[in-house]
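S.K.: For reference, the structure I am asking about is given below.
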Amino acid sequence: MIEIRDLKFSYGQGGFSLEIPHLAVAPGEQVAVVGPSGSGKTTLLNLIAGIASPRSGRVTTNSRDISGLPDAARRDFRISNIGLVFQEFELLEYLDVLDNILLPYRINRTLQLDADVRERAEAIARRVGISDKLGRHANQLSQGEKQRVAVCRALVVQPPLLLADEPTGNLDPLNKGRVLDILFDYARRNAATLVTVTHDHDLLDRFDRVIDFKDFYAHRQQARVENIAGAV
Amino acid sequence: MRDVLYLAWRYLAYHRWKTGILVASIMLIIYLPVGLNVVVEQSAEHLTARADATPLLIGAKGSPLELVLNSLYFSSERPELVDYSEARSVAESGLADAIPLYVRFRSRKNPIVGTSIEYFDFQELRFSSGRPIAVLGECVVGAVAAESLGVGPGDAVVSSPETVFDLAGVYPLKMKVAGVLERSFTPDDDAIFVDIKTAWIIEGLGHGHQDLANAEAASGVLSRSEDSIVANASVVQYNEITEDNVDSFHFHGDSEEYPLTAVLAVPKNRKSGVILMGRYADDEATSQIVRPVTVVDELLDTLLTIQQFIVAAVVIVGSATAATAVLVFLLSLRLRRREIDTMHKIGGSRARVGSILLAEVFIVVILSGTLAATMTLATWRYGSSVIESLVLI
């Protein structure tokens, strides 16, 4: 599902940089990404989603070399193949819950909004327990409800890949469990791949595998030592 | 496209106050110069048409504009008065037909125009019901005045007293409506026309009262001599002219000195007009003769100059408002950076997201334009009558 090879990424000259020699996530795998703040976890998700482009190396997502696609094609690919969930929910305040869920269908012509989609959106909302709040705006919802709406928005296109960036970071324990249940449930039912960035180590047992960003730094450190030794 | 418009509309509807203020501002930028232009052009057309149709006006020396506005548009500003002899001398000169005008009184808001029967032929006024004025105390009502006063032939209208506390002043006169005119879309529509003598009765120059020779009035008689009877205020004075009392109405003083606000002179031909104008060229003359169209043209020149100043001011203010609107939009883009980023992140196409933002501008401009067009249409339909009622009445 996801394969990264010899990836090098940096924000401008002398800014943050990230190097990943190799990373692979199998289809249907549920993976947690952990690491210290500022280590590049969110950047990794952005690279997998095609939001950011690497300086060199290759990122293959769902069998597509996403790093080689032009911007418009990456957006088209992303909207129909990847469901994104953010820590801050990122709902549009001027849209009600149903319109927020259907947003992907209105911002890219790759997706067509029809009666089936509306029905699916309502069914997902029902499943996550917010069907009675479809006409409300974001400012009329609790934090847990907002994140459930954001998750519905990610699921409505039925993507084979879910990327969640600290989806439970702003939630209480009850809502935390509930949101994760929804994500895992969707991944299991649809054999979808789930990559979740988290700081919450209590949740790691629920994932098939944990990718720790410390490993990339250890590898980088070792490569530097070898380079110096070779030079001497 | 539907989705783009939908999202743009949802944004504008959610921020309805901001949208409303933007729409109102842009609407005003569009409407003010256009609406002003419509008003000025319509007023110019309206004023010129009536002035064009009126060859010459004679009045007391003073403001020609006041004379024209009072005589043609029945404005409440009364010019200096001329004697009735002015009308007689014009008629006797054989150079022009003379139509007397005495525009001083009102019945509520409607001007009472004292004139002669020739006025109706001159202005080509037609009757929608009833008949022309036949006897003293009758009136003919313009179409709009009849509608607003709710009167028709057989009803009555009453002249408004000028001052309530002036006992020696103008008394209200109840006048019988003889006919109602067809609508002419001129100031005649708002007027109430009476014979010039009826106007003088309202003025108090003529009156009717109990016959002092009768026994009923004896208690009011203070003294009798061979050719005069002096009575006190208990003698009944009529405030309505009826078949029974019409014979008791009479005038005091020299009718040659009775007042007119103007004499409308219709020259027999162009040459007669020039000769007539020459007669008033003398600096010593107490009267003046004016071509209404010349006076109105001067007024319009002033109006156009004022309009140009106003338009220039509106353009400057409009530019500032437009710049502010652009600034508001750009600031709003900055505030919406996160929302726009979210749309980009989840896969929104650049074109679609950009279109949504442009659609918001488009909807605001269309709404403003539609409102401005509606206001301009309303101005075109009602503007001149509003201006007339504000300026002339």
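Chain labels run A, B, ... following the order of the structure tokens; each chain numbers its residues from 1, and ligands are numbered from 1 in the order shown.
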For chain A, which residues have at least one atom within 7 Å of chain B, if we go by only C-alpha atoms? Write them as a ChimeraX atom specification, please.
M.R.: /A:51,72,75-76,78-79,84,90,92,94-95,104,106-108
S.K.: Take the residues from that selection and write them out as a tab-separated table (two decimals), in the first residue's frame, keeping C-alpha atoms.
M.R.:
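What follows is the written file part12.tsv:
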chain	number	residue	atom	x	y	z
A	51	ILE	CA	0.54	17.30	0.08
A	72	ALA	CA	-3.38	18.58	-9.91
A	75	ARG	CA	-5.00	16.31	-5.56
A	76	ASP	CA	-7.29	14.15	-7.70
A	78	ARG	CA	-5.76	12.23	-2.78
A	79	ILE	CA	-9.40	13.16	-2.76
A	84	LEU	CA	-7.44	12.62	6.13
A	90	GLU	CA	-10.69	21.51	10.49
A	92	LEU	CA	-15.80	24.67	7.92
A	94	TYR	CA	-20.25	28.07	7.74
A	95	LEU	CA	-21.33	24.59	6.69
A	104	PRO	CA	-14.85	16.44	-0.66
A	106	ARG	CA	-17.90	19.77	-3.75
A	107	ILE	CA	-14.27	20.82	-4.04
A	108	ASN	CA	-12.96	18.50	-6.74
S.K.: Write out as a list in words each polymer residue whose atoms come within 8 Å of B:Val293, counting only C-alpha atoms; drop sequence neighbours fewer than 3 positions from it.
M.R.: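 Returned residues: Thr48, Ala51, Asp52, Thr54, Val296 and Asp297 of chain B.
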S.K.: Compile the contact shell of A:Arg118 as number ranges by chain: residues with an atom at most 10 Å away, counting only C-alpha atoms, same-chain residues fewer than 6 positions apart removed.
M.R.: A: 98-99, 101-102, 124, 156
S.K.: DSSP on the backbone, then: every residue of stretch 87-283 of chain B marked strand (DSSP E or B), written as a PyMOL selection string.
M.R.: chain B and resi 96-107+110-115+127-130+138-141+156-158+174-181+192-195+206-207+209+221-224+229-231+237+240+250-251+259-260+262-267
S.K.: Mind checking which residues fall within 7 Å of stretch 62-66 of chain A, counting only C-alpha atoms, ignoring those fewer than 2 positions away in the same chain, and posting them as a list in words?
M.R.: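 Counting only the stated atoms, we get Met1, Ile2, Gly50, Arg58, Val59, Thr60, Gly68, Leu69 and Arg74 of chain A.
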S.K.: Could you pull the residues within 9 Å of B:Ala322, counting only C-alpha atoms, minus those fewer than 4 positions along the same chain, as an MDAnalysis selection string?
M.R.: chainID B and resid 25:26 29 317:318 326:327
S.K.: Store the residues picked out above in a file with C-alpha atoms, as a short mmCIF file (atom, residue, chain, number, x, y, z; two decimals), in the first residue's frame.
M.R.:
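Output saved as part-v5.cif:
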data_model
loop_
_atom_site.label_atom_id
_atom_site.label_comp_id
_atom_site.auth_asym_id
_atom_site.auth_seq_id
_atom_site.Cartn_x
_atom_site.Cartn_y
_atom_site.Cartn_z
CA SER B 25 -21.64 49.49 -0.10
CA ILE B 26 -21.11 48.21 -3.62
CA ILE B 29 -21.15 52.82 -5.51
CA VAL B 317 -15.93 58.05 -2.33
CA GLY B 318 -16.83 55.06 -4.53
CA VAL B 326 -11.08 44.72 -1.84
CA LEU B 327 -9.18 45.10 1.44
#
